[in-house]
>>> print(open('coords.cif').read())   # mmCIF, C-alpha atoms and all ligand atoms
data_data
#
loop_
_atom_site.label_atom_id
_atom_site.label_comp_id
_atom_site.auth_asym_id
_atom_site.auth_seq_id
_atom_site.Cartn_x
_atom_site.Cartn_y
_atom_site.Cartn_z
CA MET A 1 -4.61 -17.91 14.08
CA ALA A 2 -5.77 -14.51 12.81
CA THR A 3 -6.87 -14.30 9.21
CA ILE A 4 -7.43 -11.55 6.66
CA LYS A 5 -10.56 -11.79 4.53
CA ALA A 6 -9.06 -12.27 1.08
CA GLU A 7 -9.48 -13.89 -2.34
CA PRO A 8 -9.50 -16.70 -3.29
CA PHE A 9 -9.68 -17.65 0.42
CA ASP A 10 -8.75 -16.16 3.78
CA PHE A 11 -5.08 -15.29 4.31
CA PRO A 12 -3.64 -16.85 7.50
CA VAL A 13 -1.61 -14.23 9.39
CA ARG A 14 1.53 -15.16 11.31
CA SER A 15 1.79 -11.95 13.27
CA SER A 16 5.53 -12.12 13.92
CA GLU A 17 6.38 -12.98 10.30
CA ILE A 18 4.38 -10.46 8.25
CA ALA A 19 5.71 -7.25 6.64
CA LEU A 20 4.48 -4.60 4.22
CA ILE A 21 6.45 -3.99 1.03
CA VAL A 22 5.72 -0.75 -0.82
CA ILE A 23 6.92 -0.93 -4.39
CA ASP A 24 8.36 2.11 -6.18
CA MET A 25 6.04 4.91 -4.95
CA GLN A 26 8.48 7.36 -6.52
CA ARG A 27 8.00 10.78 -8.06
CA ASP A 28 9.37 9.31 -11.32
CA PHE A 29 6.23 7.18 -11.70
CA ALA A 30 3.70 9.66 -10.32
CA GLU A 31 4.65 13.14 -11.53
CA PRO A 32 4.80 14.84 -14.93
CA GLY A 33 8.35 14.95 -16.29
CA GLY A 34 9.35 11.62 -14.72
CA PHE A 35 10.07 8.16 -16.11
CA GLY A 36 6.43 7.01 -16.25
CA ALA A 37 5.41 10.12 -18.18
CA SER A 38 8.43 9.77 -20.50
CA LEU A 39 7.02 6.41 -21.59
CA GLY A 40 3.81 8.17 -22.68
CA ASN A 41 1.67 7.29 -19.66
CA ASP A 42 -1.02 9.29 -17.84
CA VAL A 43 0.59 9.49 -14.40
CA SER A 44 -2.43 11.05 -12.67
CA ARG A 45 -3.82 7.56 -11.99
CA ILE A 46 -0.89 6.87 -9.65
CA THR A 47 -1.34 9.84 -7.30
CA LYS A 48 -4.93 8.77 -6.52
CA ILE A 49 -3.75 5.79 -4.45
CA ILE A 50 -1.43 7.84 -2.20
CA PRO A 51 -3.97 8.18 0.68
CA ASP A 52 -4.62 4.42 0.77
CA VAL A 53 -0.93 3.53 0.57
CA LYS A 54 -0.34 5.96 3.44
CA ARG A 55 -3.12 4.37 5.50
CA LEU A 56 -1.67 0.92 4.93
CA ILE A 57 1.84 2.06 5.91
CA GLU A 58 0.49 3.69 9.07
CA GLY A 59 -1.43 0.52 9.98
CA PHE A 60 1.71 -1.60 9.77
CA ARG A 61 3.71 0.96 11.74
CA ALA A 62 1.00 1.04 14.44
CA ALA A 63 1.05 -2.76 14.62
CA GLY A 64 4.82 -2.72 15.03
CA ARG A 65 5.37 -4.66 11.81
CA PRO A 66 8.14 -3.81 9.30
CA VAL A 67 7.55 -1.54 6.33
CA ILE A 68 9.95 -2.07 3.44
CA HIS A 69 10.18 0.48 0.63
CA THR A 70 11.63 -0.19 -2.81
CA MET A 71 12.89 2.22 -5.46
CA GLU A 72 13.58 1.41 -9.08
CA CYS A 73 16.80 3.29 -9.82
CA HIS A 74 20.28 3.07 -11.24
CA ARG A 75 23.77 4.20 -10.33
CA PRO A 76 24.85 7.59 -11.72
CA ASP A 77 27.49 5.85 -13.89
CA LEU A 78 24.77 3.57 -15.32
CA SER A 79 26.91 0.50 -14.56
CA ASP A 80 23.81 -1.40 -13.38
CA LEU A 81 21.68 -0.36 -16.37
CA PRO A 82 21.68 -2.95 -19.14
CA PRO A 83 21.77 -1.28 -22.59
CA ALA A 84 18.74 -3.42 -23.43
CA LYS A 85 16.78 -1.52 -20.75
CA ARG A 86 18.09 1.95 -21.56
CA ASP A 87 17.71 1.60 -25.33
CA ARG A 88 14.21 0.07 -25.36
CA GLY A 89 11.60 1.89 -27.42
CA THR A 90 11.38 5.61 -28.12
CA PRO A 91 10.69 7.33 -24.77
CA ALA A 92 10.75 11.13 -24.55
CA LEU A 93 13.63 10.80 -22.06
CA ARG A 94 15.76 7.72 -21.41
CA ILE A 95 16.97 6.48 -18.03
CA GLY A 96 19.94 8.66 -17.05
CA ASP A 97 18.86 11.62 -19.18
CA GLU A 98 18.43 15.03 -17.54
CA GLY A 99 14.73 15.77 -16.95
CA PRO A 100 12.80 18.47 -15.09
CA MET A 101 13.26 16.58 -11.77
CA GLY A 102 16.90 15.62 -12.37
CA ARG A 103 18.30 12.58 -14.14
CA ILE A 104 15.60 10.02 -14.90
CA LEU A 105 15.54 7.04 -12.46
CA ILE A 106 19.03 7.73 -11.07
CA ALA A 107 19.74 7.19 -7.36
CA GLY A 108 19.87 10.45 -5.40
CA GLU A 109 18.00 12.59 -7.95
CA ALA A 110 14.90 14.54 -6.85
CA GLY A 111 12.58 12.74 -9.25
CA THR A 112 13.77 9.32 -8.16
CA ALA A 113 12.80 9.92 -4.53
CA ILE A 114 9.84 8.31 -2.83
CA LEU A 115 6.79 10.61 -2.77
CA PRO A 116 7.06 12.84 0.32
CA GLU A 117 3.69 11.72 1.73
CA LEU A 118 4.97 8.13 1.79
CA ALA A 119 8.57 8.75 2.81
CA PRO A 120 10.28 6.08 4.90
CA ILE A 121 10.81 6.88 8.56
CA GLU A 122 13.90 6.19 10.66
CA GLY A 123 14.68 2.48 10.77
CA GLU A 124 12.61 1.43 7.72
CA MET A 125 14.36 -0.49 4.99
CA VAL A 126 14.75 1.03 1.54
CA ILE A 127 15.76 -1.33 -1.26
CA GLU A 128 17.22 0.27 -4.38
CA LYS A 129 16.65 -2.09 -7.27
CA PRO A 130 17.86 -1.97 -10.87
CA GLY A 131 15.18 -4.36 -12.13
CA LYS A 132 11.43 -4.64 -12.06
CA GLY A 133 11.61 -7.37 -9.40
CA ALA A 134 12.90 -6.37 -5.95
CA PHE A 135 14.83 -9.62 -5.37
CA TYR A 136 17.03 -9.32 -8.46
CA ALA A 137 20.49 -7.86 -7.62
CA THR A 138 19.43 -6.64 -4.15
CA GLU A 139 19.80 -7.63 -0.48
CA LEU A 140 16.03 -8.07 -0.04
CA GLY A 141 16.07 -11.87 0.31
CA ALA A 142 18.86 -11.82 2.89
CA ILE A 143 17.19 -9.03 4.90
CA LEU A 144 13.83 -10.83 4.99
CA LYS A 145 15.51 -14.06 6.08
CA GLU A 146 17.41 -12.28 8.83
CA LYS A 147 14.20 -10.67 10.10
CA GLY A 148 12.22 -13.93 9.92
CA ILE A 149 9.68 -12.50 7.46
CA THR A 150 7.71 -15.15 5.55
CA GLN A 151 4.57 -13.19 4.60
CA LEU A 152 4.50 -10.05 2.44
CA VAL A 153 1.64 -7.62 1.92
CA PHE A 154 2.15 -5.70 -1.33
CA ALA A 155 1.34 -2.10 -2.25
CA GLY A 156 2.74 0.22 -4.89
CA VAL A 157 3.18 0.61 -8.62
CA THR A 158 2.71 -0.52 -11.20
CA THR A 159 0.51 -3.51 -10.54
CA GLU A 160 1.45 -5.59 -13.56
CA VAL A 161 5.10 -4.53 -13.82
CA CYS A 162 7.16 -4.10 -10.62
CA VAL A 163 4.50 -5.27 -8.16
CA GLN A 164 3.60 -8.44 -10.01
CA THR A 165 7.22 -9.22 -10.89
CA THR A 166 8.23 -8.93 -7.24
CA MET A 167 5.24 -11.01 -6.09
CA ARG A 168 6.23 -13.76 -8.49
CA GLU A 169 9.84 -13.63 -7.35
CA ALA A 170 8.68 -13.81 -3.71
CA ASN A 171 6.23 -16.62 -4.38
CA ASP A 172 8.95 -18.74 -5.96
CA ARG A 173 11.13 -18.11 -2.90
CA GLY A 174 8.47 -19.46 -0.55
CA TYR A 175 6.87 -16.24 0.71
CA GLU A 176 3.10 -15.95 1.10
CA CYS A 177 2.05 -12.83 -0.80
CA LEU A 178 -1.05 -10.69 -0.41
CA LEU A 179 -1.80 -7.75 -2.73
CA CYS A 180 -3.84 -4.78 -1.43
CA GLU A 181 -6.25 -3.87 -4.24
CA GLU A 182 -6.72 -0.21 -3.29
CA ALA A 183 -3.02 0.45 -2.67
CA THR A 184 -1.76 -0.55 -6.10
CA GLU A 185 -2.27 1.05 -9.50
CA SER A 186 -1.37 0.73 -13.15
CA TYR A 187 -1.31 3.21 -16.01
CA PHE A 188 -3.73 0.75 -17.62
CA PRO A 189 -6.88 -0.10 -15.59
CA GLN A 190 -7.40 -3.28 -17.58
CA PHE A 191 -3.89 -4.50 -16.71
CA LYS A 192 -4.49 -3.85 -13.00
CA ALA A 193 -7.71 -5.85 -13.15
CA ALA A 194 -6.05 -8.68 -15.11
CA ALA A 195 -3.05 -8.83 -12.75
CA ILE A 196 -5.35 -9.09 -9.72
CA GLU A 197 -7.31 -11.88 -11.40
CA MET A 198 -4.25 -13.87 -12.49
CA ILE A 199 -2.48 -13.58 -9.13
CA ARG A 200 -5.36 -15.15 -7.20
CA ALA A 201 -6.53 -17.61 -9.88
CA GLN A 202 -5.96 -21.35 -9.66
CA GLY A 203 -6.15 -21.38 -5.85
CA ALA A 204 -3.79 -18.41 -5.29
CA ILE A 205 -1.20 -19.53 -7.83
CA VAL A 206 0.89 -16.38 -7.14
CA GLY A 207 -0.83 -15.11 -3.99
CA TRP A 208 -3.89 -13.56 -2.41
CA THR A 209 -5.68 -10.24 -2.98
CA ALA A 210 -7.62 -8.30 -0.36
CA HIS A 211 -9.23 -4.95 0.40
CA ILE A 212 -7.46 -2.39 2.52
CA ASN A 213 -9.86 -2.32 5.46
CA ASP A 214 -9.71 -6.10 5.82
CA ILE A 215 -5.89 -6.01 5.75
CA LEU A 216 -5.72 -3.21 8.32
CA GLU A 217 -8.16 -5.02 10.60
CA GLY A 218 -6.29 -8.32 10.28
CA VAL A 219 -2.91 -6.75 10.99
CA ALA A 220 -4.22 -4.70 13.93
CA HIS A 221 -5.74 -7.76 15.59
CA ALA A 222 -3.02 -10.28 14.79
N1 LIG A 301 6.38 1.24 -16.74
C1 LIG A 301 5.78 0.64 -15.72
O1 LIG A 301 4.59 0.34 -15.73
N2 LIG A 301 6.49 0.36 -14.59
C2 LIG A 301 7.84 0.48 -14.41
O2 LIG A 301 8.60 0.79 -15.31
N3 LIG A 301 8.32 0.28 -13.14
C3 LIG A 301 7.52 -0.08 -12.06
O3 LIG A 301 6.46 -0.67 -12.21
N4 LIG A 301 7.92 0.30 -10.84
#
>>> encode(input="coords.cif", output="structure tokens")
Amino acid sequence: MATIKAEPFDFPVRSSEIALIVIDMQRDFAEPGGFGASLGNDVSRITKIIPDVKRLIEGFRAAGRPVIHTMECHRPDLSDLPPAKRDRGTPALRIGDEGPMGRILIAGEAGTAILPELAPIEGEMVIEKPGKGAFYATELGAILKEKGITQLVFAGVTTEVCVQTTMREANDRGYECLLCEEATESYFPQFKAAAIEMIRAQGAIVGWTAHINDILEGVAHA
């Protein structure tokens, strides 16, 4: 069986059961005027990982393995937005408010779209999710089951919020999860580092972590 060099130990690849899931690489988290910026964050950290996320996506496409994209977003009528989420804190703009790229985190708005460099291609799944985790209130679990996917490689943002939440959801559902260190980012470098450490601690309690070149090599040769 092929393996990917990973921490805390090598990740065993089942070549017909592995997929890439790219979490929330949306303009709203990466560009000024979006949701991430409205929360007071420096969004320039996010754009730096675009080339590595792109390389990872292209590696999975070349290997003929599925690429799944997620988007954190809500319906225009806000019916899937709990008041507890909308009303939290004192952001410059709340979810649903009109911003420079359209309504913040609303499906179909320009700012909610996936970054153009990382846009899904024909046939790739896009999961619109109202929560931080991609399994909550979505078809993701059913789609993965139908496709026979049991192993998920994770990329995207932010490491300790939507990526980690989705990894934990997946881990509890029996998926083997591997996080690509170069293809994920946080607004807080210390949170990214801590999330990576806690995911792989205790014998991969949540999952594995690995470097991009090792993942690409493992997937290409699986
Ligand atoms: N704020 C923050 O770090 N993240 C989010 O709100 N959503 C995602 O991580 N996608």
>>> residues_near_ligand(input="coords.cif", ligand="ligand LIG 301 (chain A)", cutoff="9 Å", atoms="all atoms listed in the file", output="PyMOL selection string")
chain A and resi 23-26+29+35-36+39+41+70-72+131-133+156-165+186-188
>>> closest_residue(input="coords.cif", among="A:Ala142, A:Met125, A:Ile57, A:Ile114", to="A:Ala30", atoms="only C-alpha atoms")
A:Ile114
>>> atom_distance(input="coords.cif", atom1="atom CA of A:Glu176", atom2="atom CA of A:Arg61")
20.0 Å
>>> closest_atom_pairs(input="coords.cif", of="stretch 77-182 of chain A", to="stretch 206-209 of chain A", cutoff="10 Å", atoms="all atoms listed in the file", output="CSV")
residue,atom,partner,partner_atom,distance
A:Leu152,CA,A:Gly207,CA,9.8
A:Val153,CA,A:Thr209,CA,9.2
A:Phe154,CA,A:Thr209,CA,9.2
A:Gln164,CA,A:Val206,CA,8.9
A:Met167,CA,A:Val206,CA,7.0
A:Arg168,CA,A:Val206,CA,6.1
A:Glu169,CA,A:Val206,CA,9.4
A:Ala170,CA,A:Val206,CA,8.9
A:Asn171,CA,A:Val206,CA,6.0
A:Asp172,CA,A:Val206,CA,8.5
A:Tyr175,CA,A:Gly207,CA,9.1
A:Glu176,CA,A:Gly207,CA,6.5
A:Cys177,CA,A:Gly207,CA,4.9
A:Leu178,CA,A:Trp208,CA,4.5
A:Leu179,CA,A:Thr209,CA,4.6
A:Cys180,CA,A:Thr209,CA,6.0
A:Glu181,CA,A:Thr209,CA,6.5
>>> write_last_selection(input="coords.cif", atoms="C-alpha atoms", output="PDB file, in the coordinates of the input")
ATOM      1  CA  LEU A 152       4.500 -10.050   2.440  1.00  0.00           C
ATOM      2  CA  VAL A 153       1.640  -7.620   1.920  1.00  0.00           C
ATOM      3  CA  PHE A 154       2.150  -5.700  -1.330  1.00  0.00           C
ATOM      4  CA  GLN A 164       3.600  -8.440 -10.010  1.00  0.00           C
ATOM      5  CA  MET A 167       5.240 -11.010  -6.090  1.00  0.00           C
ATOM      6  CA  ARG A 168       6.230 -13.760  -8.490  1.00  0.00           C
ATOM      7  CA  GLU A 169       9.840 -13.630  -7.350  1.00  0.00           C
ATOM      8  CA  ALA A 170       8.680 -13.810  -3.710  1.00  0.00           C
ATOM      9  CA  ASN A 171       6.230 -16.620  -4.380  1.00  0.00           C
ATOM     10  CA  ASP A 172       8.950 -18.740  -5.960  1.00  0.00           C
ATOM     11  CA  TYR A 175       6.870 -16.240   0.710  1.00  0.00           C
ATOM     12  CA  GLU A 176       3.100 -15.950   1.100  1.00  0.00           C
ATOM     13  CA  CYS A 177       2.050 -12.830  -0.800  1.00  0.00           C
ATOM     14  CA  LEU A 178      -1.050 -10.690  -0.410  1.00  0.00           C
ATOM     15  CA  LEU A 179      -1.800  -7.750  -2.730  1.00  0.00           C
ATOM     16  CA  CYS A 180      -3.840  -4.780  -1.430  1.00  0.00           C
ATOM     17  CA  GLU A 181      -6.250  -3.870  -4.240  1.00  0.00           C
TER      18      GLU A 181
END
>>> atom_distance(input="coords.cif", atom1="atom CA of A:Pro82", atom2="atom CA of A:Thr112")
18.3 Å
>>> atom_distance(input="coords.cif", atom1="atom CA of A:Glu98", atom2="atom CA of A:Ser79")
17.1 Å
>>> closest_atom_pairs(input="coords.cif", of="stretch 55-170 of chain A", to="stretch 212-218 of chain A", cutoff="8 Å", atoms="all atoms listed in the file", output="CSV")
residue,atom,partner,partner_atom,distance
A:Leu56,CA,A:Leu216,CA,6.7
A:Gly59,CA,A:Leu216,CA,5.9
A:Phe60,CA,A:Leu216,CA,7.7
>>> closest_residue(input="coords.cif", among="A:Ala155, A:Leu118, A:Ile149, A:Ile196", to="A:Gly174", atoms="all atoms listed in the file")
A:Ile149
>>> closest_residue(input="coords.cif", among="A:Arg86, A:Arg173, A:Pro32, A:Ile121", to="A:Gln151", atoms="only C-alpha atoms")
A:Arg173
>>> residues_around(input="coords.cif", residues="A:Pro76", least_positions_apart="3", cutoff="8 Å", atoms="all atoms listed in the file", output="list in words")
Ser79, Gly96, Ile106 and Ala107 of chain A
>>> closest_residue(input="coords.cif", among="A:Leu93, A:Ala222, A:Leu105, A:Leu115", to="A:Leu81", atoms="only C-alpha atoms")
A:Leu105
>>> decode(input="coords.cif", residues="stretch 79-90 of chain A", atoms="all heavy atoms", output="PDB file, in the first residue's frame")
ATOM      1  N   SER A  79     -32.604  32.492   6.234  1.00  0.00           N
ATOM      2  CA  SER A  79     -33.358  31.483   6.987  1.00  0.00           C
ATOM      3  C   SER A  79     -32.447  30.392   7.581  1.00  0.00           C
ATOM      4  O   SER A  79     -32.861  29.676   8.487  1.00  0.00           O
ATOM      5  CB  SER A  79     -34.429  30.848   6.102  1.00  0.00           C
ATOM      6  OG  SER A  79     -33.830  30.260   4.960  1.00  0.00           O
ATOM      7  N   ASP A  80     -31.223  30.283   7.072  1.00  0.00           N
ATOM      8  CA  ASP A  80     -30.294  29.297   7.645  1.00  0.00           C
ATOM      9  C   ASP A  80     -29.206  29.979   8.486  1.00  0.00           C
ATOM     10  O   ASP A  80     -28.155  29.395   8.737  1.00  0.00           O
ATOM     11  CB  ASP A  80     -29.671  28.437   6.535  1.00  0.00           C
ATOM     12  CG  ASP A  80     -28.867  29.271   5.541  1.00  0.00           C
ATOM     13  OD1 ASP A  80     -28.881  30.526   5.645  1.00  0.00           O
ATOM     14  OD2 ASP A  80     -28.230  28.685   4.657  1.00  0.00           O
ATOM     15  N   LEU A  81     -29.455  31.205   8.887  1.00  0.00           N
ATOM     16  CA  LEU A  81     -28.476  31.956   9.700  1.00  0.00           C
ATOM     17  C   LEU A  81     -29.031  32.137  11.105  1.00  0.00           C
ATOM     18  O   LEU A  81     -29.929  32.959  11.317  1.00  0.00           O
ATOM     19  CB  LEU A  81     -28.199  33.324   9.060  1.00  0.00           C
ATOM     20  CG  LEU A  81     -27.288  34.271   9.853  1.00  0.00           C
ATOM     21  CD1 LEU A  81     -25.909  33.663  10.068  1.00  0.00           C
ATOM     22  CD2 LEU A  81     -27.167  35.614   9.136  1.00  0.00           C
ATOM     23  N   PRO A  82     -28.521  31.381  12.056  1.00  0.00           N
ATOM     24  CA  PRO A  82     -29.022  31.554  13.423  1.00  0.00           C
ATOM     25  C   PRO A  82     -28.722  32.975  13.918  1.00  0.00           C
ATOM     26  O   PRO A  82     -27.620  33.477  13.689  1.00  0.00           O
ATOM     27  CB  PRO A  82     -28.219  30.534  14.245  1.00  0.00           C
ATOM     28  CG  PRO A  82     -27.598  29.607  13.258  1.00  0.00           C
ATOM     29  CD  PRO A  82     -27.457  30.376  11.964  1.00  0.00           C
ATOM     30  N   PRO A  83     -29.689  33.623  14.573  1.00  0.00           N
ATOM     31  CA  PRO A  83     -29.414  34.957  15.136  1.00  0.00           C
ATOM     32  C   PRO A  83     -28.147  34.958  15.998  1.00  0.00           C
ATOM     33  O   PRO A  83     -27.403  35.945  16.002  1.00  0.00           O
ATOM     34  CB  PRO A  83     -30.663  35.248  15.980  1.00  0.00           C
ATOM     35  CG  PRO A  83     -31.749  34.460  15.307  1.00  0.00           C
ATOM     36  CD  PRO A  83     -31.093  33.215  14.783  1.00  0.00           C
ATOM     37  N   ALA A  84     -27.881  33.866  16.676  1.00  0.00           N
ATOM     38  CA  ALA A  84     -26.687  33.800  17.526  1.00  0.00           C
ATOM     39  C   ALA A  84     -25.411  33.956  16.707  1.00  0.00           C
ATOM     40  O   ALA A  84     -24.390  34.414  17.218  1.00  0.00           O
ATOM     41  CB  ALA A  84     -26.650  32.484  18.297  1.00  0.00           C
ATOM     42  N   LYS A  85     -25.451  33.552  15.424  1.00  0.00           N
ATOM     43  CA  LYS A  85     -24.275  33.737  14.562  1.00  0.00           C
ATOM     44  C   LYS A  85     -24.236  35.159  14.009  1.00  0.00           C
ATOM     45  O   LYS A  85     -23.207  35.813  14.035  1.00  0.00           O
ATOM     46  CB  LYS A  85     -24.297  32.708  13.420  1.00  0.00           C
ATOM     47  CG  LYS A  85     -23.072  32.774  12.498  1.00  0.00           C
ATOM     48  CD  LYS A  85     -23.072  31.643  11.455  1.00  0.00           C
ATOM     49  CE  LYS A  85     -21.829  31.726  10.558  1.00  0.00           C
ATOM     50  NZ  LYS A  85     -21.806  30.696   9.512  1.00  0.00           N
ATOM     51  N   ARG A  86     -25.378  35.629  13.517  1.00  0.00           N
ATOM     52  CA  ARG A  86     -25.403  36.976  12.935  1.00  0.00           C
ATOM     53  C   ARG A  86     -25.093  38.055  13.981  1.00  0.00           C
ATOM     54  O   ARG A  86     -24.385  39.015  13.690  1.00  0.00           O
ATOM     55  CB  ARG A  86     -26.773  37.259  12.296  1.00  0.00           C
ATOM     56  CG  ARG A  86     -26.871  38.683  11.770  1.00  0.00           C
ATOM     57  CD  ARG A  86     -28.082  38.954  10.909  1.00  0.00           C
ATOM     58  NE  ARG A  86     -28.380  40.374  10.877  1.00  0.00           N
ATOM     59  CZ  ARG A  86     -27.868  41.248  10.022  1.00  0.00           C
ATOM     60  NH1 ARG A  86     -27.028  40.850   9.085  1.00  0.00           N
ATOM     61  NH2 ARG A  86     -28.186  42.516  10.085  1.00  0.00           N
ATOM     62  N   ASP A  87     -25.597  37.890  15.185  1.00  0.00           N
ATOM     63  CA  ASP A  87     -25.523  38.968  16.177  1.00  0.00           C
ATOM     64  C   ASP A  87     -24.240  38.943  17.013  1.00  0.00           C
ATOM     65  O   ASP A  87     -24.056  39.812  17.865  1.00  0.00           O
ATOM     66  CB  ASP A  87     -26.731  38.900  17.118  1.00  0.00           C
ATOM     67  CG  ASP A  87     -28.035  39.121  16.370  1.00  0.00           C
ATOM     68  OD1 ASP A  87     -27.986  39.649  15.234  1.00  0.00           O
ATOM     69  OD2 ASP A  87     -29.103  38.741  16.900  1.00  0.00           O
ATOM     70  N   ARG A  88     -23.378  37.960  16.778  1.00  0.00           N
ATOM     71  CA  ARG A  88     -22.186  37.812  17.623  1.00  0.00           C
ATOM     72  C   ARG A  88     -21.202  38.969  17.450  1.00  0.00           C
ATOM     73  O   ARG A  88     -20.845  39.340  16.333  1.00  0.00           O
ATOM     74  CB  ARG A  88     -21.478  36.493  17.244  1.00  0.00           C
ATOM     75  CG  ARG A  88     -20.334  36.053  18.168  1.00  0.00           C
ATOM     76  CD  ARG A  88     -20.809  35.396  19.450  1.00  0.00           C
ATOM     77  NE  ARG A  88     -21.839  34.369  19.262  1.00  0.00           N
ATOM     78  CZ  ARG A  88     -21.592  33.067  18.988  1.00  0.00           C
ATOM     79  NH1 ARG A  88     -20.353  32.653  18.854  1.00  0.00           N
ATOM     80  NH2 ARG A  88     -22.576  32.207  18.878  1.00  0.00           N
ATOM     81  N   GLY A  89     -20.795  39.557  18.555  1.00  0.00           N
ATOM     82  CA  GLY A  89     -19.721  40.547  18.547  1.00  0.00           C
ATOM     83  C   GLY A  89     -20.105  41.864  17.898  1.00  0.00           C
ATOM     84  O   GLY A  89     -21.290  42.189  17.734  1.00  0.00           O
ATOM     85  N   THR A  90     -19.080  42.621  17.512  1.00  0.00           N
ATOM     86  CA  THR A  90     -19.304  43.942  16.908  1.00  0.00           C
ATOM     87  C   THR A  90     -18.511  44.072  15.605  1.00  0.00           C
ATOM     88  O   THR A  90     -17.642  44.930  15.479  1.00  0.00           O
ATOM     89  CB  THR A  90     -18.883  45.060  17.881  1.00  0.00           C
ATOM     90  OG1 THR A  90     -17.538  44.780  18.323  1.00  0.00           O
ATOM     91  CG2 THR A  90     -19.797  45.156  19.069  1.00  0.00           C
TER      92      THR A  90
END
